[in-house]
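Okay, so here's the structure we're looking at.
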Amino acid sequence: VRQGDIQGAIRFISRAMRIHPGMVQVENNEALYRHLTGEFELALAHRRSALEGLQGSGKRFLLDGPAEVIKIRSQALVAQYLGDFQLAAEGIGSLVGKPEYSGIVATAPIHQASLFVAMHDPSGARRVLADAGLGSVVQIAELAARNENFLIPTAEVLMERELWAEALAELQAYDAAITVPVQVAQKPMVLWPRMAEALAHLGRFEEAEALAARIPGTCYLCVIRQARVAMLRGDLARADRLYAEAQRQGPSLPFAFAERGQMLMARGDTAGAIAFYGQAIERGPRWADPQKYWGDALMAQGDEAGAIRKYRAAAERAPQWGALHLAWGRALEAQGRRDQARETYAAAAGMDLSAADRAEVVRRLGA
């Protein structure tokens, strides 16, 4: 795998699995390789098997230090695959001071920063990176080379803030900085889908679609980003097909269900959207996004009280999500609860917001 032949590593580890079924090191490596190729459903299954093995004879030949690191990271990744980014971030953060194993401990700040972005807290992500002395793409790339997993938190921060031109430039900087073969091999799964999405947001659809066409069709999150490109282009039928394919690839994962709900909302099918949000929550009960989306749908139906309940649930899962607090404030204001609305807008003002959302918060606070 260090030579960049991830599929070759999967073939090798599959043979090892037949020889040593249930062995923690083998399950851990299979989970890693499936993660690198974007096959998250399989990665989830093997992470769970590794955790089961750690409870019994599967951890033979594994020292206590590595066993603890594998356990913490596997628990965090299981949580991540199901949208519980709070639990995942706490777990990855607890790796600080643990004995090093395969670069997992050294690269924990990069992983944790990405999880903060997933909780819609880019400022939190920047703090994690700053505390680790990671201020540039080159520094992150050099540290990331100590582990196989390829993460790009500074680009994700810019994407979360909807700074698409800056995000594209940052993604291109990673493209130039990454030279380790195993991470070069991940560019089609990690860089290209995000670059395609950024290009689409910038209206450069021909470039976006040309790049999206090169993305592996077996990579779960890649298919979701292909669907986003189709959504931005206005091709809702293609987006629907791609979201359905992502659901097929990841039936246990919540993300495609929530995004398909968003596609139905764009079509004006609020009831259909809510059904998909419910399916996402069944799979990822600790993921904030479908809670907020459901709240938005209830607002569209005129159910402010129901929306407030969903927004409150989302805030428990993503407490620093600025756009969520703006939506929550709108719902409170619609109920005539202006004092509470102003408190919520004020909270949003102290969080990360897109330029459009910040302008709205300022306007509502000034009203």
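Every chain in the structure tokens takes a letter, A first, then B, and so on in the order presented; its residues are numbered from 1, and the ligands are numbered from 1 following the presented order.
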
Against segment 23-34 of chain A, which residues of segment 121-183 of chain A fall within 12 Å? For each one I want the closest pair of atoms and the distance in Å (one decimal), counting only C-alpha atoms, rows by chain and increasing residue number, as JSON lines.
```
{"residue": "A:Asn147", "atom": "CA", "partner": "A:Leu32", "partner_atom": "CA", "distance": 10.6}
{"residue": "A:Glu148", "atom": "CA", "partner": "A:Leu32", "partner_atom": "CA", "distance": 8.4}
{"residue": "A:Asn149", "atom": "CA", "partner": "A:Leu32", "partner_atom": "CA", "distance": 8.0}
{"residue": "A:Phe150", "atom": "CA", "partner": "A:Leu32", "partner_atom": "CA", "distance": 11.3}
{"residue": "A:Val182", "atom": "CA", "partner": "A:Tyr33", "partner_atom": "CA", "distance": 10.4}
{"residue": "A:Gln183", "atom": "CA", "partner": "A:Tyr33", "partner_atom": "CA", "distance": 11.9}
```

Write out, as a PDB file, in the first residue's frame, the residues just selected, with N, CA, C and O atoms.
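Now in again-v7.pdb:
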```
ATOM      1  N   ASN A 147       1.166   8.610   7.773  1.00  0.00           N
ATOM      2  CA  ASN A 147       0.057   7.669   7.833  1.00  0.00           C
ATOM      3  C   ASN A 147      -0.555   7.569   6.440  1.00  0.00           C
ATOM      4  O   ASN A 147      -0.437   8.484   5.635  1.00  0.00           O
ATOM      5  N   GLU A 148      -1.224   6.473   6.154  1.00  0.00           N
ATOM      6  CA  GLU A 148      -1.766   6.276   4.804  1.00  0.00           C
ATOM      7  C   GLU A 148      -2.949   7.185   4.493  1.00  0.00           C
ATOM      8  O   GLU A 148      -3.175   7.558   3.340  1.00  0.00           O
ATOM      9  N   ASN A 149      -3.731   7.538   5.506  1.00  0.00           N
ATOM     10  CA  ASN A 149      -4.965   8.284   5.283  1.00  0.00           C
ATOM     11  C   ASN A 149      -4.663   9.715   4.827  1.00  0.00           C
ATOM     12  O   ASN A 149      -3.846  10.400   5.429  1.00  0.00           O
ATOM     13  N   PHE A 150      -5.333  10.157   3.776  1.00  0.00           N
ATOM     14  CA  PHE A 150      -5.076  11.451   3.138  1.00  0.00           C
ATOM     15  C   PHE A 150      -6.205  12.403   3.518  1.00  0.00           C
ATOM     16  O   PHE A 150      -7.347  12.217   3.105  1.00  0.00           O
ATOM     17  N   VAL A 182       1.047   6.390  -1.765  1.00  0.00           N
ATOM     18  CA  VAL A 182      -0.267   5.960  -1.290  1.00  0.00           C
ATOM     19  C   VAL A 182      -1.248   7.122  -1.256  1.00  0.00           C
ATOM     20  O   VAL A 182      -2.460   6.937  -1.449  1.00  0.00           O
ATOM     21  N   GLN A 183      -0.761   8.331  -1.044  1.00  0.00           N
ATOM     22  CA  GLN A 183      -1.652   9.483  -1.040  1.00  0.00           C
ATOM     23  C   GLN A 183      -1.905  10.002  -2.453  1.00  0.00           C
ATOM     24  O   GLN A 183      -3.005  10.461  -2.752  1.00  0.00           O
TER      25      GLN A 183
END
```

Need the shell around Leu163 of chain A: protein/DNA/RNA residues with any atom at most 12 Å away, counting only C-alpha atoms. Skip same-chain ones fewer than 6 positions apart. Format as JSON, numbers by chain? {"A": [154, 155, 156, 157, 169, 170, 197, 198, 199, 201, 202, 352, 353, 354, 355, 356]}

Taking only C-alpha atoms into account, name the residue in A:Ala341, A:Ala145, A:Cys219, A:Ile110 that is nearest to Ala43 of chain A. A:Cys219

re atom CA of Pro254 of chain A and atom CA of Leu44 of chain A: distance 12.4 Å

Restricting the calculation to only C-alpha atoms: of A:Met299, A:Leu143, A:Met263, A:Leu191, which residue gets closest to Gly329 of chain A?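 The closest residue to Gly329 of chain A is A:Met299.
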
Against segment 233-252 of chain A, which residues of segment 5-95 of chain A fall within 8 Å? For each one I want the closest pair of atoms and the distance in Å (one decimal), counting only C-alpha atoms, rows by chain and increasing residue number, as JSON lines.
```
{"residue": "A:Glu39", "atom": "CA", "partner": "A:Gln249", "partner_atom": "CA", "distance": 7.9}
{"residue": "A:Phe40", "atom": "CA", "partner": "A:Gly250", "partner_atom": "CA", "distance": 7.0}
{"residue": "A:Glu41", "atom": "CA", "partner": "A:Gly250", "partner_atom": "CA", "distance": 5.1}
```

Resulting file, chosen residues, N, CA and C atoms, as a PDB file, in the first residue's frame:
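The resulting file, result-v2.pdb, is shown below:
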```pdb
ATOM      1  N   GLU A  39     -14.745   2.827  -0.001  1.00  0.00           N
ATOM      2  CA  GLU A  39     -15.778   1.800   0.187  1.00  0.00           C
ATOM      3  C   GLU A  39     -16.165   1.766   1.664  1.00  0.00           C
ATOM      4  N   PHE A  40     -16.926   2.760   2.068  1.00  0.00           N
ATOM      5  CA  PHE A  40     -17.160   2.986   3.497  1.00  0.00           C
ATOM      6  C   PHE A  40     -18.047   1.922   4.129  1.00  0.00           C
ATOM      7  N   GLU A  41     -18.951   1.335   3.387  1.00  0.00           N
ATOM      8  CA  GLU A  41     -19.788   0.280   3.963  1.00  0.00           C
ATOM      9  C   GLU A  41     -18.917  -0.897   4.400  1.00  0.00           C
TER      10      GLU A  41
END
```

Kindly indicate which residue among A:Trp294, A:Leu129, A:Ala45, A:Ala230 lies nearest to Gly203 of chain A, using only C-alpha atoms for the distances.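 Distance minimum relative to Gly203 of chain A lands on A:Ala230.
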
Best match for closeness to Pro290 of chain A among A:Ala266, A:Ala167, A:Ala318, A:Ile215, counting only C-alpha atoms: A:Ala318

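Excluding segment 282-285 of chain A itself and any same-chain residue fewer than 5 positions from it, the protein and nucleic acid residues within 10 Å of it, counting only C-alpha atoms, are Ala79, Gln80, Tyr81, Leu82, Gly83, Asp84, Pro251, Ser252, Leu253, Pro254, Phe255, Phe257, Ala258, Phe276, Tyr277, Pro290, Gln291 and Arg317 of chain A.
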
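The list of residues with at least one atom within 9 Å of Glu52 of chain A, based on only C-alpha atoms and without residues fewer than 4 positions apart in the same chain, reads Gly22, Val24, Arg47, Arg48, Gly56 and Gly58 of chain A.
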
Could you save those same residues with all heavy atoms as a compact mmCIF listing (two decimals), in the first residue's frame?
```txt
# COMPACT_ATOMS: atom_id res chain seq x y z
N GLY A 22 -10.67 -13.04 11.65
CA GLY A 22 -10.92 -12.38 12.92
C GLY A 22 -9.71 -11.78 13.58
O GLY A 22 -9.83 -11.18 14.65
N VAL A 24 -7.15 -9.13 14.58
CA VAL A 24 -7.36 -7.69 14.64
C VAL A 24 -6.52 -6.94 13.61
O VAL A 24 -7.01 -6.04 12.93
CB VAL A 24 -7.06 -7.16 16.06
CG1 VAL A 24 -7.01 -5.63 16.08
CG2 VAL A 24 -8.12 -7.65 17.03
N ARG A 47 -14.19 -2.38 10.54
CA ARG A 47 -13.89 -1.69 11.81
C ARG A 47 -14.63 -2.37 12.96
O ARG A 47 -14.08 -2.58 14.05
CB ARG A 47 -14.29 -0.22 11.72
CG ARG A 47 -13.36 0.65 10.94
CD ARG A 47 -12.05 0.89 11.65
NE ARG A 47 -11.06 1.44 10.73
CZ ARG A 47 -9.76 1.36 10.89
NH1 ARG A 47 -9.26 0.76 11.95
NH2 ARG A 47 -8.93 1.88 10.02
N ARG A 48 -15.88 -2.70 12.73
CA ARG A 48 -16.64 -3.37 13.78
C ARG A 48 -16.05 -4.74 14.09
O ARG A 48 -15.99 -5.16 15.26
CB ARG A 48 -18.10 -3.49 13.34
CG ARG A 48 -18.86 -2.17 13.43
CD ARG A 48 -20.24 -2.26 12.84
NE ARG A 48 -21.07 -1.14 13.26
CZ ARG A 48 -22.20 -0.77 12.64
NH1 ARG A 48 -22.62 -1.44 11.56
NH2 ARG A 48 -22.91 0.25 13.08
N GLY A 56 -11.47 -10.39 22.28
CA GLY A 56 -11.17 -11.81 22.44
C GLY A 56 -9.81 -12.19 21.90
O GLY A 56 -8.85 -11.42 21.97
N GLY A 58 -8.77 -12.41 18.98
CA GLY A 58 -8.35 -11.77 17.74
C GLY A 58 -7.17 -10.84 17.90
O GLY A 58 -6.50 -10.50 16.92
```

I need the residues of segment 144-227 of chain A that end up classed as alpha helix (DSSP H) by DSSP on the backbone, written out as a PDB file with N, CA and C atoms, in the first residue's frame.
```pdb
ATOM      1  N   ALA A 144       1.060  14.320   7.189  1.00  0.00           N
ATOM      2  CA  ALA A 144       0.144  13.288   6.695  1.00  0.00           C
ATOM      3  C   ALA A 144       0.895  12.114   6.088  1.00  0.00           C
ATOM      4  N   PRO A 153      -7.739  19.183   5.721  1.00  0.00           N
ATOM      5  CA  PRO A 153      -8.656  19.982   6.545  1.00  0.00           C
ATOM      6  C   PRO A 153      -8.710  21.454   6.184  1.00  0.00           C
ATOM      7  N   THR A 154      -7.608  22.049   5.751  1.00  0.00           N
ATOM      8  CA  THR A 154      -7.663  23.483   5.449  1.00  0.00           C
ATOM      9  C   THR A 154      -8.552  23.755   4.231  1.00  0.00           C
ATOM     10  N   ALA A 155      -8.565  22.848   3.275  1.00  0.00           N
ATOM     11  CA  ALA A 155      -9.475  22.999   2.136  1.00  0.00           C
ATOM     12  C   ALA A 155     -10.916  22.794   2.572  1.00  0.00           C
ATOM     13  N   GLU A 156     -11.139  21.842   3.471  1.00  0.00           N
ATOM     14  CA  GLU A 156     -12.492  21.595   3.964  1.00  0.00           C
ATOM     15  C   GLU A 156     -13.029  22.796   4.737  1.00  0.00           C
ATOM     16  N   VAL A 157     -12.156  23.475   5.471  1.00  0.00           N
ATOM     17  CA  VAL A 157     -12.568  24.696   6.173  1.00  0.00           C
ATOM     18  C   VAL A 157     -13.106  25.718   5.176  1.00  0.00           C
ATOM     19  N   LEU A 158     -12.396  25.925   4.090  1.00  0.00           N
ATOM     20  CA  LEU A 158     -12.814  26.911   3.085  1.00  0.00           C
ATOM     21  C   LEU A 158     -14.111  26.491   2.398  1.00  0.00           C
ATOM     22  N   MET A 159     -14.274  25.197   2.148  1.00  0.00           N
ATOM     23  CA  MET A 159     -15.511  24.713   1.536  1.00  0.00           C
ATOM     24  C   MET A 159     -16.689  24.905   2.487  1.00  0.00           C
ATOM     25  N   GLU A 160     -16.483  24.631   3.757  1.00  0.00           N
ATOM     26  CA  GLU A 160     -17.550  24.823   4.741  1.00  0.00           C
ATOM     27  C   GLU A 160     -17.974  26.287   4.793  1.00  0.00           C
ATOM     28  N   TRP A 164     -15.433  29.334  -2.404  1.00  0.00           N
ATOM     29  CA  TRP A 164     -15.150  28.299  -3.394  1.00  0.00           C
ATOM     30  C   TRP A 164     -13.883  28.566  -4.192  1.00  0.00           C
ATOM     31  N   ALA A 165     -13.599  29.799  -4.538  1.00  0.00           N
ATOM     32  CA  ALA A 165     -12.370  30.089  -5.283  1.00  0.00           C
ATOM     33  C   ALA A 165     -11.147  29.779  -4.427  1.00  0.00           C
ATOM     34  N   GLU A 166     -11.194  30.199  -3.154  1.00  0.00           N
ATOM     35  CA  GLU A 166     -10.093  29.923  -2.241  1.00  0.00           C
ATOM     36  C   GLU A 166      -9.956  28.422  -1.986  1.00  0.00           C
ATOM     37  N   ALA A 167     -11.085  27.731  -1.873  1.00  0.00           N
ATOM     38  CA  ALA A 167     -11.047  26.285  -1.655  1.00  0.00           C
ATOM     39  C   ALA A 167     -10.407  25.572  -2.837  1.00  0.00           C
ATOM     40  N   LEU A 168     -10.768  25.993  -4.052  1.00  0.00           N
ATOM     41  CA  LEU A 168     -10.180  25.374  -5.237  1.00  0.00           C
ATOM     42  C   LEU A 168      -8.669  25.582  -5.259  1.00  0.00           C
ATOM     43  N   ALA A 169      -8.230  26.787  -4.928  1.00  0.00           N
ATOM     44  CA  ALA A 169      -6.788  27.053  -4.890  1.00  0.00           C
ATOM     45  C   ALA A 169      -6.099  26.191  -3.838  1.00  0.00           C
ATOM     46  N   GLU A 170      -6.744  25.998  -2.694  1.00  0.00           N
ATOM     47  CA  GLU A 170      -6.166  25.173  -1.629  1.00  0.00           C
ATOM     48  C   GLU A 170      -6.092  23.712  -2.062  1.00  0.00           C
ATOM     49  N   LEU A 171      -7.134  23.238  -2.730  1.00  0.00           N
ATOM     50  CA  LEU A 171      -7.123  21.860  -3.248  1.00  0.00           C
ATOM     51  C   LEU A 171      -6.007  21.676  -4.269  1.00  0.00           C
ATOM     52  N   GLN A 172      -5.802  22.664  -5.110  1.00  0.00           N
ATOM     53  CA  GLN A 172      -4.716  22.592  -6.085  1.00  0.00           C
ATOM     54  C   GLN A 172      -3.357  22.603  -5.393  1.00  0.00           C
ATOM     55  N   ALA A 173      -3.258  23.323  -4.266  1.00  0.00           N
ATOM     56  CA  ALA A 173      -2.012  23.330  -3.493  1.00  0.00           C
ATOM     57  C   ALA A 173      -1.728  21.944  -2.919  1.00  0.00           C
ATOM     58  N   TYR A 174      -2.766  21.272  -2.418  1.00  0.00           N
ATOM     59  CA  TYR A 174      -2.578  19.888  -1.954  1.00  0.00           C
ATOM     60  C   TYR A 174      -2.161  18.990  -3.107  1.00  0.00           C
ATOM     61  N   ASP A 175      -2.778  19.191  -4.250  1.00  0.00           N
ATOM     62  CA  ASP A 175      -2.451  18.382  -5.425  1.00  0.00           C
ATOM     63  C   ASP A 175      -0.958  18.467  -5.737  1.00  0.00           C
ATOM     64  N   ALA A 176      -0.398  19.657  -5.587  1.00  0.00           N
ATOM     65  CA  ALA A 176       1.027  19.852  -5.865  1.00  0.00           C
ATOM     66  C   ALA A 176       1.909  19.343  -4.731  1.00  0.00           C
ATOM     67  N   ALA A 177       1.405  19.411  -3.489  1.00  0.00           N
ATOM     68  CA  ALA A 177       2.244  19.085  -2.326  1.00  0.00           C
ATOM     69  C   ALA A 177       2.338  17.596  -2.039  1.00  0.00           C
ATOM     70  N   PRO A 181       3.370   7.982  -2.589  1.00  0.00           N
ATOM     71  CA  PRO A 181       2.562   7.190  -3.535  1.00  0.00           C
ATOM     72  C   PRO A 181       1.184   6.799  -3.038  1.00  0.00           C
ATOM     73  N   VAL A 182       1.047   6.390  -1.765  1.00  0.00           N
ATOM     74  CA  VAL A 182      -0.267   5.960  -1.290  1.00  0.00           C
ATOM     75  C   VAL A 182      -1.248   7.122  -1.256  1.00  0.00           C
ATOM     76  N   GLN A 183      -0.761   8.331  -1.044  1.00  0.00           N
ATOM     77  CA  GLN A 183      -1.652   9.483  -1.040  1.00  0.00           C
ATOM     78  C   GLN A 183      -1.905  10.002  -2.453  1.00  0.00           C
ATOM     79  N   VAL A 184      -0.921   9.893  -3.316  1.00  0.00           N
ATOM     80  CA  VAL A 184      -1.150  10.206  -4.733  1.00  0.00           C
ATOM     81  C   VAL A 184      -2.254   9.306  -5.279  1.00  0.00           C
ATOM     82  N   LYS A 187      -5.816  10.616  -4.691  1.00  0.00           N
ATOM     83  CA  LYS A 187      -6.297  11.873  -5.277  1.00  0.00           C
ATOM     84  C   LYS A 187      -7.651  11.725  -5.974  1.00  0.00           C
ATOM     85  N   PRO A 188      -7.892  10.631  -6.730  1.00  0.00           N
ATOM     86  CA  PRO A 188      -9.208  10.504  -7.375  1.00  0.00           C
ATOM     87  C   PRO A 188     -10.363  10.415  -6.391  1.00  0.00           C
ATOM     88  N   MET A 189     -10.104   9.956  -5.152  1.00  0.00           N
ATOM     89  CA  MET A 189     -11.168   9.827  -4.152  1.00  0.00           C
ATOM     90  C   MET A 189     -11.263  11.037  -3.231  1.00  0.00           C
ATOM     91  N   VAL A 190     -10.143  11.713  -3.012  1.00  0.00           N
ATOM     92  CA  VAL A 190     -10.103  12.797  -2.029  1.00  0.00           C
ATOM     93  C   VAL A 190     -10.118  14.170  -2.689  1.00  0.00           C
ATOM     94  N   LEU A 191      -9.236  14.396  -3.647  1.00  0.00           N
ATOM     95  CA  LEU A 191      -9.107  15.717  -4.261  1.00  0.00           C
ATOM     96  C   LEU A 191     -10.097  15.948  -5.389  1.00  0.00           C
ATOM     97  N   TRP A 192     -10.161  15.036  -6.333  1.00  0.00           N
ATOM     98  CA  TRP A 192     -10.954  15.292  -7.537  1.00  0.00           C
ATOM     99  C   TRP A 192     -12.427  15.546  -7.250  1.00  0.00           C
ATOM    100  N   PRO A 193     -13.085  14.778  -6.359  1.00  0.00           N
ATOM    101  CA  PRO A 193     -14.504  15.068  -6.098  1.00  0.00           C
ATOM    102  C   PRO A 193     -14.724  16.467  -5.519  1.00  0.00           C
ATOM    103  N   ARG A 194     -13.843  16.887  -4.632  1.00  0.00           N
ATOM    104  CA  ARG A 194     -13.983  18.214  -4.038  1.00  0.00           C
ATOM    105  C   ARG A 194     -13.656  19.307  -5.053  1.00  0.00           C
ATOM    106  N   MET A 195     -12.667  19.058  -5.891  1.00  0.00           N
ATOM    107  CA  MET A 195     -12.351  20.032  -6.936  1.00  0.00           C
ATOM    108  C   MET A 195     -13.523  20.176  -7.905  1.00  0.00           C
ATOM    109  N   ALA A 196     -14.154  19.063  -8.250  1.00  0.00           N
ATOM    110  CA  ALA A 196     -15.316  19.111  -9.140  1.00  0.00           C
ATOM    111  C   ALA A 196     -16.448  19.911  -8.513  1.00  0.00           C
ATOM    112  N   GLU A 197     -16.683  19.696  -7.223  1.00  0.00           N
ATOM    113  CA  GLU A 197     -17.742  20.434  -6.537  1.00  0.00           C
ATOM    114  C   GLU A 197     -17.429  21.928  -6.494  1.00  0.00           C
ATOM    115  N   ALA A 198     -16.179  22.283  -6.183  1.00  0.00           N
ATOM    116  CA  ALA A 198     -15.793  23.696  -6.145  1.00  0.00           C
ATOM    117  C   ALA A 198     -15.947  24.339  -7.520  1.00  0.00           C
ATOM    118  N   LEU A 199     -15.521  23.640  -8.565  1.00  0.00           N
ATOM    119  CA  LEU A 199     -15.668  24.162  -9.921  1.00  0.00           C
ATOM    120  C   LEU A 199     -17.139  24.398 -10.266  1.00  0.00           C
ATOM    121  N   ALA A 200     -18.000  23.466  -9.847  1.00  0.00           N
ATOM    122  CA  ALA A 200     -19.427  23.613 -10.136  1.00  0.00           C
ATOM    123  C   ALA A 200     -20.001  24.829  -9.417  1.00  0.00           C
ATOM    124  N   HIS A 201     -19.584  25.047  -8.182  1.00  0.00           N
ATOM    125  CA  HIS A 201     -20.055  26.227  -7.443  1.00  0.00           C
ATOM    126  C   HIS A 201     -19.588  27.518  -8.114  1.00  0.00           C
ATOM    127  N   PHE A 205     -18.918  24.458 -15.155  1.00  0.00           N
ATOM    128  CA  PHE A 205     -19.545  23.142 -15.195  1.00  0.00           C
ATOM    129  C   PHE A 205     -18.844  22.158 -16.128  1.00  0.00           C
ATOM    130  N   GLU A 206     -18.337  22.617 -17.251  1.00  0.00           N
ATOM    131  CA  GLU A 206     -17.669  21.705 -18.177  1.00  0.00           C
ATOM    132  C   GLU A 206     -16.454  21.075 -17.503  1.00  0.00           C
ATOM    133  N   GLU A 207     -15.666  21.899 -16.821  1.00  0.00           N
ATOM    134  CA  GLU A 207     -14.498  21.382 -16.104  1.00  0.00           C
ATOM    135  C   GLU A 207     -14.930  20.469 -14.964  1.00  0.00           C
ATOM    136  N   ALA A 208     -15.970  20.866 -14.261  1.00  0.00           N
ATOM    137  CA  ALA A 208     -16.455  20.068 -13.136  1.00  0.00           C
ATOM    138  C   ALA A 208     -16.902  18.691 -13.599  1.00  0.00           C
ATOM    139  N   GLU A 209     -17.654  18.642 -14.666  1.00  0.00           N
ATOM    140  CA  GLU A 209     -18.177  17.362 -15.124  1.00  0.00           C
ATOM    141  C   GLU A 209     -17.084  16.500 -15.736  1.00  0.00           C
ATOM    142  N   ALA A 210     -16.114  17.113 -16.397  1.00  0.00           N
ATOM    143  CA  ALA A 210     -14.995  16.347 -16.945  1.00  0.00           C
ATOM    144  C   ALA A 210     -14.207  15.687 -15.821  1.00  0.00           C
ATOM    145  N   LEU A 211     -14.017  16.423 -14.722  1.00  0.00           N
ATOM    146  CA  LEU A 211     -13.294  15.866 -13.584  1.00  0.00           C
ATOM    147  C   LEU A 211     -14.138  14.824 -12.873  1.00  0.00           C
ATOM    148  N   ALA A 212     -15.422  15.102 -12.708  1.00  0.00           N
ATOM    149  CA  ALA A 212     -16.315  14.158 -12.034  1.00  0.00           C
ATOM    150  C   ALA A 212     -16.382  12.836 -12.774  1.00  0.00           C
ATOM    151  N   TYR A 220     -18.008   5.788  -2.225  1.00  0.00           N
ATOM    152  CA  TYR A 220     -19.311   6.240  -1.719  1.00  0.00           C
ATOM    153  C   TYR A 220     -19.433   7.762  -1.692  1.00  0.00           C
ATOM    154  N   LEU A 221     -18.515   8.435  -1.010  1.00  0.00           N
ATOM    155  CA  LEU A 221     -18.616   9.891  -0.920  1.00  0.00           C
ATOM    156  C   LEU A 221     -18.357  10.560  -2.266  1.00  0.00           C
ATOM    157  N   CYS A 222     -17.586   9.894  -3.138  1.00  0.00           N
ATOM    158  CA  CYS A 222     -17.348  10.441  -4.477  1.00  0.00           C
ATOM    159  C   CYS A 222     -18.649  10.509  -5.276  1.00  0.00           C
ATOM    160  N   VAL A 223     -19.451   9.447  -5.176  1.00  0.00           N
ATOM    161  CA  VAL A 223     -20.730   9.413  -5.891  1.00  0.00           C
ATOM    162  C   VAL A 223     -21.645  10.519  -5.368  1.00  0.00           C
ATOM    163  N   ILE A 224     -21.611  10.753  -4.061  1.00  0.00           N
ATOM    164  CA  ILE A 224     -22.414  11.832  -3.485  1.00  0.00           C
ATOM    165  C   ILE A 224     -21.966  13.182  -4.037  1.00  0.00           C
ATOM    166  N   ARG A 225     -20.667  13.393  -4.150  1.00  0.00           N
ATOM    167  CA  ARG A 225     -20.188  14.669  -4.701  1.00  0.00           C
ATOM    168  C   ARG A 225     -20.502  14.785  -6.195  1.00  0.00           C
ATOM    169  N   GLN A 226     -20.488  13.682  -6.919  1.00  0.00           N
ATOM    170  CA  GLN A 226     -20.935  13.719  -8.321  1.00  0.00           C
ATOM    171  C   GLN A 226     -22.397  14.168  -8.388  1.00  0.00           C
ATOM    172  N   ALA A 227     -23.195  13.682  -7.450  1.00  0.00           N
ATOM    173  CA  ALA A 227     -24.603  14.073  -7.415  1.00  0.00           C
ATOM    174  C   ALA A 227     -24.736  15.568  -7.112  1.00  0.00           C
TER     175      ALA A 227
END
```

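Those residues that approach Arg73 of chain A to within 7 Å, counting only C-alpha atoms, are Val69, Leu77, Gly91 and Ile92 of chain A; same-chain residues fewer than 4 positions away are not listed.
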